Amino acid sequence: MLMQLFERAALLLICLFFITRIPRFKETLQKNSHSPAELAILTLIFCMFALFGTYTGIEVEGSLVNVRIIAIMAGGILFGPWVGIVTGIVSGIHRYLIDIGGVTSIPCLITSILAGVVSGYIGRRVNRSKRWLVGIAAGMVCEALTMLLILVMAQPHNLGVDIVSKIGLPMIIGEVSIGLIVLLIQSVEGEKENIAARQAKLALDIANKTLPYFRSINAESLHTICSIIKEDIKADAVAITDTRDVLAYVGFGEERYHIGDEIISDVTKTTIRSGKITIRNHIADDKTPQIQSLLIIPLEERGEVTGTLKIYYRKAYKITYPLQTMAIGLSQIISTLMEVSRVEQIKEAANKAELKALQTKINPHFLFNALNAIASTTRTKPDKARELIINLSGYLRYNLELNDDLIEIHKELQQVSDYVEIEKARFGNRLQVEYVMDEVSVRIPSLIIQPLVENAINHGILKKKGSGTVTISVKDRGEKVRISVADTGVGIRDDVVDNLYHDRVPAKQIGLYNVHRRLKLMYGEGVIILKHEPGTEVYFDIPKEKS
């Protein structure tokens, strides 16, 4: 009897396996949340499995040895209370109706509904890695309760004892199949991490290729950027717009679009107004009716929509979950790079000297190195890669929003932290960073600490063999706050210190010199440099504002 029960459970597993190979269903399984329509389809599938379990049950003394509870528990654990409870109610009522007055009909009705409730709770409250094990235990408890109810409610009592003695052990042990089903579906869900890693790497590869063309945004550079994106994601056409006009269009139907043409697509206008992603998997574009799938992602700068990235395919249902994941990440990078480019162009038009200062803040080599560091972690540590993307985004946004005003020290330290995390990802165990912080509230000039940290890493730690430590310290000294950056590197040369104090600064020490000069102009005293064994300490004092 137990072997027959496992055969039926195996049939459920086989059916589920083949369903998970269907691309659209597989994509549904990999989502973190599901639409009402998707939940309805999932509920229908598990209801069918539960009914199948009842119909294929093995009849024993008026009872059925079946896999109904297995289907109910698996559905609720995997997809939440809605699927579990509805499946439990439907299959429980069905079990009762096909055997009204039967010795096991009411116990099966009760435990089917209970299994739906319990499975939904497990799906919501239990850690994902433990659901399969908890599901087996809960399924066994539900079946044990069924046996107990049969013993209590059976008339005559001897009949209940006879039934339970024959079916109790196989039904309880058979619940092991719940764990197998949960693990099968979770393995499909787990592929989502690999997909995210691959798509993150693809987005970063595209960013690396397009980065040089964002330095000066014009019709030609945007056309090249669209061409790179189109080729790498195998799209039929790619376009970039601002809020009014088409800026670039590459691919199928290109002859119908011209640079500067006003946007006529209502779908694009809606995306710009709402700021939400638009997906159309089976719709024809007005000007290019052969286009069947399109993805429109808003590009944002400082929280406002400034344009769109549009991806077209001539076949329907090409906008898959992996493509959406990649395109969203790519659009965020493009938004940041376009903002960088826009700021650079504005600065250049306003003042060439200010542009030089901005270029020292947003170093193209640092961007390349950061992107490469992130790309190298996407396959092995996708979670770390996502953290580094956030660090890089924060670092860039801080630089973009700089002005001549003083800022709170914690904002400056956050930018330093973002920079440090990227450098630690690049250099691994060679670099350790320690923070020694007093609780202070003071406003300081922007971008005053990070150049010193960069100096300590590049000219201190990395110039010697082995690992080293950079210590960033903020100390409350009464009327002043002392900020210092110390390293255990090779130590600063005497001629560098002498040149700094006498305003003779070679090009390679421009970062340290800029910090020294700005502090000296604002507070009358620049940085103080101390030589240690080993390493160097650079510090300066910021007077507290009088209340």
# chains A, B, ... in the order shown; residues from 1 in each chain; ligands from 1
>>> residues_around(residues="A:Val436", least_positions_apart="5", cutoff="8 Å", atoms="only C-alpha atoms", output="CSV table (one decimal) with C-alpha atoms, in the first residue's frame")
chain,number,residue,atom,x,y,z
A,471,THR,CA,42.0,54.0,10.1
A,472,ILE,CA,39.4,56.8,9.7
A,473,SER,CA,38.9,58.7,12.9
A,474,VAL,CA,36.5,61.4,14.0
A,475,LYS,CA,37.2,62.8,17.5
>>> residues_around(residues="stretch 446-455 of chain A", least_positions_apart="6", cutoff="6 Å", atoms="only C-alpha atoms", output="list in words")
Val416, Gly511 and Val515 of chain A
>>> residues_around(residues="A:Ile93", least_positions_apart="3", cutoff="9 Å", atoms="only C-alpha atoms", output="ChimeraX atom specification")
/A:88-90,96-98,108-109,112-113
>>> residues_around(residues="A:Thr104", least_positions_apart="5", cutoff="8 Å", atoms="only C-alpha atoms", output="PyMOL selection string")
chain A and resi 62-63+150+154
>>> residues_around(residues="stretch 539-545 of chain A", least_positions_apart="2", cutoff="6 Å", atoms="only C-alpha atoms", output="PDB file with C-alpha atoms, in the first residue's frame")
ATOM      1  CA  GLU A 479      35.408  73.326  20.436  1.00  0.00           C
ATOM      2  CA  LYS A 480      36.779  71.411  17.459  1.00  0.00           C
ATOM      3  CA  VAL A 481      36.362  68.077  15.739  1.00  0.00           C
ATOM      4  CA  ARG A 482      39.534  66.328  14.616  1.00  0.00           C
ATOM      5  CA  ILE A 483      39.273  64.187  11.489  1.00  0.00           C
ATOM      6  CA  SER A 484      42.207  61.939  10.644  1.00  0.00           C
ATOM      7  CA  VAL A 527      46.124  69.396   6.787  1.00  0.00           C
ATOM      8  CA  ILE A 528      48.795  68.227   9.221  1.00  0.00           C
TER       9      ILE A 528
END
>>> atom_distance(atom1="atom CA of A:Ile136", atom2="atom CA of A:Glu27")
26.3 Å
>>> residues_around(residues="stretch 12-24 of chain A", least_positions_apart="5", cutoff="12 Å", atoms="only C-alpha atoms", output="PyMOL selection string")
chain A and resi 5-7+29-31+38+42+45-46+48-53+56+66-68+70-71+74-75+177-189+191+281+317-322
>>> residues_around(residues="A:Ala373", least_positions_apart="3", cutoff="12 Å", atoms="only C-alpha atoms", output="list of chain:residue names")
A:Lys201, A:Leu204, A:Asp205, A:Asn208, A:Phe366, A:Leu367, A:Phe368, A:Asn369, A:Ala370, A:Ser376, A:Thr377, A:Thr378, A:Arg379, A:Lys381, A:Lys384, A:Ala385, A:Arg386, A:Glu387, A:Leu388, A:Ile389, A:Leu392, A:Glu421, A:Ile422, A:Glu423, A:Lys424, A:Ala425, A:Arg426, A:Phe427, A:Gly428
>>> closest_atom_pairs(of="stretch 27-141 of chain A", to="stretch 167-174 of chain A", cutoff="8 Å", atoms="only C-alpha atoms", output="JSON lines")
{"residue": "A:Val60", "atom": "CA", "partner": "A:Ile167", "partner_atom": "CA", "distance": 7.6}
{"residue": "A:Val65", "atom": "CA", "partner": "A:Ile167", "partner_atom": "CA", "distance": 6.6}
{"residue": "A:Asn66", "atom": "CA", "partner": "A:Met171", "partner_atom": "CA", "distance": 7.5}
{"residue": "A:Val67", "atom": "CA", "partner": "A:Gly174", "partner_atom": "CA", "distance": 7.8}
{"residue": "A:Gly139", "atom": "CA", "partner": "A:Ile172", "partner_atom": "CA", "distance": 7.6}
{"residue": "A:Met140", "atom": "CA", "partner": "A:Ile172", "partner_atom": "CA", "distance": 4.9}
{"residue": "A:Val141", "atom": "CA", "partner": "A:Ile172", "partner_atom": "CA", "distance": 7.8}
>>> write_last_selection(atoms="all heavy atoms", output="mmCIF file, in the first residue's frame")
data_model
loop_
_atom_site.group_PDB
_atom_site.id
_atom_site.type_symbol
_atom_site.label_atom_id
_atom_site.label_comp_id
_atom_site.auth_asym_id
_atom_site.auth_seq_id
_atom_site.Cartn_x
_atom_site.Cartn_y
_atom_site.Cartn_z
ATOM 1 N N VAL A 60 -9.912 1.048 0.873
ATOM 2 C CA VAL A 60 -9.670 0.099 1.971
ATOM 3 C C VAL A 60 -10.811 0.244 2.977
ATOM 4 O O VAL A 60 -10.920 1.264 3.668
ATOM 5 C CB VAL A 60 -8.311 0.365 2.673
ATOM 6 C CG1 VAL A 60 -8.137 -0.602 3.849
ATOM 7 C CG2 VAL A 60 -7.161 0.240 1.700
ATOM 8 N N VAL A 65 -6.919 5.518 0.533
ATOM 9 C CA VAL A 65 -5.518 5.866 0.764
ATOM 10 C C VAL A 65 -5.085 6.724 -0.421
ATOM 11 O O VAL A 65 -5.026 6.239 -1.554
ATOM 12 C CB VAL A 65 -4.644 4.604 0.877
ATOM 13 C CG1 VAL A 65 -3.195 4.992 1.092
ATOM 14 C CG2 VAL A 65 -5.146 3.718 2.005
ATOM 15 N N ASN A 66 -4.797 8.025 -0.176
ATOM 16 C CA ASN A 66 -4.595 8.947 -1.304
ATOM 17 C C ASN A 66 -3.535 9.995 -0.981
ATOM 18 O O ASN A 66 -3.020 10.052 0.137
ATOM 19 C CB ASN A 66 -5.914 9.627 -1.659
ATOM 20 C CG ASN A 66 -6.457 10.435 -0.501
ATOM 21 O OD1 ASN A 66 -6.032 11.565 -0.283
ATOM 22 N ND2 ASN A 66 -7.396 9.858 0.270
ATOM 23 N N VAL A 67 -3.262 10.841 -1.978
ATOM 24 C CA VAL A 67 -2.223 11.873 -1.840
ATOM 25 C C VAL A 67 -2.834 13.271 -1.833
ATOM 26 O O VAL A 67 -2.164 14.248 -2.145
ATOM 27 C CB VAL A 67 -1.183 11.754 -2.991
ATOM 28 C CG1 VAL A 67 -0.412 10.459 -2.888
ATOM 29 C CG2 VAL A 67 -1.862 11.863 -4.361
ATOM 30 N N GLY A 139 2.353 17.687 7.511
ATOM 31 C CA GLY A 139 1.539 16.718 6.772
ATOM 32 C C GLY A 139 1.300 15.452 7.584
ATOM 33 O O GLY A 139 0.183 14.903 7.597
ATOM 34 N N MET A 140 2.342 14.994 8.251
ATOM 35 C CA MET A 140 2.192 13.791 9.094
ATOM 36 C C MET A 140 1.215 14.039 10.245
ATOM 37 O O MET A 140 0.402 13.172 10.578
ATOM 38 C CB MET A 140 3.559 13.373 9.636
ATOM 39 C CG MET A 140 4.478 12.763 8.593
ATOM 40 S SD MET A 140 6.070 12.244 9.288
ATOM 41 C CE MET A 140 6.768 11.363 7.898
ATOM 42 N N VAL A 141 1.287 15.251 10.836
ATOM 43 C CA VAL A 141 0.359 15.586 11.928
ATOM 44 C C VAL A 141 -1.081 15.612 11.411
ATOM 45 O O VAL A 141 -1.999 15.104 12.081
ATOM 46 C CB VAL A 141 0.742 16.945 12.554
ATOM 47 C CG1 VAL A 141 -0.356 17.422 13.518
ATOM 48 C CG2 VAL A 141 2.069 16.843 13.281
#
>>> select_by_dssp(residues="stretch 166-281 of chain A", states="alpha helix (DSSP H)", output="PyMOL selection string")
chain A and resi 166-173+176-210+219-233+266-274
>>> closest_residue(among="A:Ile206, A:Met522, A:Leu159, A:Ala456", to="A:Gly491", atoms="only C-alpha atoms")
A:Ala456
>>> decode(residues="stretch 193-217 of chain A", atoms="N, CA, C and O atoms", output="mmCIF file, in the first residue's frame")
data_model
loop_
_atom_site.group_PDB
_atom_site.id
_atom_site.type_symbol
_atom_site.label_atom_id
_atom_site.label_comp_id
_atom_site.auth_asym_id
_atom_site.auth_seq_id
_atom_site.Cartn_x
_atom_site.Cartn_y
_atom_site.Cartn_z
ATOM 1 N N GLU A 193 18.202 33.294 -8.652
ATOM 2 C CA GLU A 193 19.455 33.929 -8.239
ATOM 3 C C GLU A 193 20.503 33.849 -9.344
ATOM 4 O O GLU A 193 21.213 34.814 -9.608
ATOM 5 N N ASN A 194 20.573 32.689 -9.994
ATOM 6 C CA ASN A 194 21.525 32.543 -11.102
ATOM 7 C C ASN A 194 21.146 33.446 -12.263
ATOM 8 O O ASN A 194 22.006 34.051 -12.915
ATOM 9 N N ILE A 195 19.810 33.531 -12.514
ATOM 10 C CA ILE A 195 19.347 34.416 -13.590
ATOM 11 C C ILE A 195 19.710 35.858 -13.267
ATOM 12 O O ILE A 195 20.216 36.597 -14.108
ATOM 13 N N ALA A 196 19.453 36.263 -11.999
ATOM 14 C CA ALA A 196 19.765 37.638 -11.596
ATOM 15 C C ALA A 196 21.253 37.929 -11.742
ATOM 16 O O ALA A 196 21.651 39.013 -12.180
ATOM 17 N N ALA A 197 22.085 36.936 -11.390
ATOM 18 C CA ALA A 197 23.533 37.126 -11.501
ATOM 19 C C ALA A 197 23.945 37.290 -12.964
ATOM 20 O O ALA A 197 24.740 38.176 -13.304
ATOM 21 N N ARG A 198 23.383 36.423 -13.829
ATOM 22 C CA ARG A 198 23.728 36.511 -15.262
ATOM 23 C C ARG A 198 23.269 37.840 -15.858
ATOM 24 O O ARG A 198 23.986 38.473 -16.634
ATOM 25 N N GLN A 199 22.050 38.262 -15.477
ATOM 26 C CA GLN A 199 21.522 39.498 -16.044
ATOM 27 C C GLN A 199 22.255 40.716 -15.488
ATOM 28 O O GLN A 199 22.450 41.703 -16.197
ATOM 29 N N ALA A 200 22.659 40.647 -14.215
ATOM 30 C CA ALA A 200 23.450 41.745 -13.649
ATOM 31 C C ALA A 200 24.781 41.862 -14.383
ATOM 32 O O ALA A 200 25.247 42.964 -14.689
ATOM 33 N N LYS A 201 25.403 40.722 -14.675
ATOM 34 C CA LYS A 201 26.668 40.735 -15.409
ATOM 35 C C LYS A 201 26.473 41.295 -16.817
ATOM 36 O O LYS A 201 27.281 42.084 -17.313
ATOM 37 N N LEU A 202 25.344 40.896 -17.471
ATOM 38 C CA LEU A 202 25.067 41.410 -18.809
ATOM 39 C C LEU A 202 24.882 42.925 -18.765
ATOM 40 O O LEU A 202 25.424 43.649 -19.611
ATOM 41 N N ALA A 203 24.123 43.405 -17.762
ATOM 42 C CA ALA A 203 23.911 44.852 -17.634
ATOM 43 C C ALA A 203 25.227 45.587 -17.414
ATOM 44 O O ALA A 203 25.476 46.650 -17.999
ATOM 45 N N LEU A 204 26.097 45.006 -16.594
ATOM 46 C CA LEU A 204 27.389 45.644 -16.321
ATOM 47 C C LEU A 204 28.308 45.588 -17.533
ATOM 48 O O LEU A 204 29.074 46.522 -17.792
ATOM 49 N N ASP A 205 28.248 44.479 -18.280
ATOM 50 C CA ASP A 205 29.032 44.399 -19.515
ATOM 51 C C ASP A 205 28.601 45.484 -20.500
ATOM 52 O O ASP A 205 29.442 46.137 -21.142
ATOM 53 N N ILE A 206 27.283 45.662 -20.623
ATOM 54 C CA ILE A 206 26.773 46.709 -21.513
ATOM 55 C C ILE A 206 27.212 48.083 -21.011
ATOM 56 O O ILE A 206 27.607 48.956 -21.795
ATOM 57 N N ALA A 207 27.143 48.268 -19.688
ATOM 58 C CA ALA A 207 27.562 49.548 -19.108
ATOM 59 C C ALA A 207 29.033 49.829 -19.405
ATOM 60 O O ALA A 207 29.411 50.958 -19.733
ATOM 61 N N ASN A 208 29.863 48.791 -19.291
ATOM 62 C CA ASN A 208 31.285 48.949 -19.596
ATOM 63 C C ASN A 208 31.508 49.360 -21.046
ATOM 64 O O ASN A 208 32.340 50.214 -21.358
ATOM 65 N N LYS A 209 30.739 48.730 -21.946
ATOM 66 C CA LYS A 209 30.904 49.027 -23.376
ATOM 67 C C LYS A 209 30.413 50.427 -23.727
ATOM 68 O O LYS A 209 30.981 51.099 -24.595
ATOM 69 N N THR A 210 29.329 50.845 -23.062
ATOM 70 C CA THR A 210 28.727 52.133 -23.429
ATOM 71 C C THR A 210 29.299 53.320 -22.667
ATOM 72 O O THR A 210 29.090 54.469 -23.063
ATOM 73 N N LEU A 211 30.022 53.055 -21.574
ATOM 74 C CA LEU A 211 30.512 54.140 -20.721
ATOM 75 C C LEU A 211 31.276 55.217 -21.491
ATOM 76 O O LEU A 211 31.039 56.418 -21.277
ATOM 77 N N PRO A 212 32.175 54.873 -22.414
ATOM 78 C CA PRO A 212 32.909 55.935 -23.122
ATOM 79 C C PRO A 212 31.996 56.875 -23.908
ATOM 80 O O PRO A 212 32.323 58.053 -24.083
ATOM 81 N N TYR A 213 30.835 56.372 -24.365
ATOM 82 C CA TYR A 213 29.947 57.190 -25.193
ATOM 83 C C TYR A 213 29.063 58.119 -24.370
ATOM 84 O O TYR A 213 28.401 59.007 -24.925
ATOM 85 N N PHE A 214 29.045 57.918 -23.043
ATOM 86 C CA PHE A 214 28.270 58.813 -22.187
ATOM 87 C C PHE A 214 29.055 60.051 -21.791
ATOM 88 O O PHE A 214 28.496 60.960 -21.170
ATOM 89 N N ARG A 215 30.326 60.089 -22.127
ATOM 90 C CA ARG A 215 31.120 61.252 -21.738
ATOM 91 C C ARG A 215 30.670 62.502 -22.493
ATOM 92 O O ARG A 215 30.815 63.615 -22.003
ATOM 93 N N SER A 216 30.154 62.292 -23.680
ATOM 94 C CA SER A 216 29.615 63.419 -24.448
ATOM 95 C C SER A 216 28.365 62.927 -25.167
ATOM 96 O O SER A 216 28.439 62.267 -26.207
ATOM 97 N N ILE A 217 27.217 63.222 -24.597
ATOM 98 C CA ILE A 217 25.964 62.706 -25.153
ATOM 99 C C ILE A 217 25.515 63.579 -26.319
ATOM 100 O O ILE A 217 25.339 64.786 -26.192
#
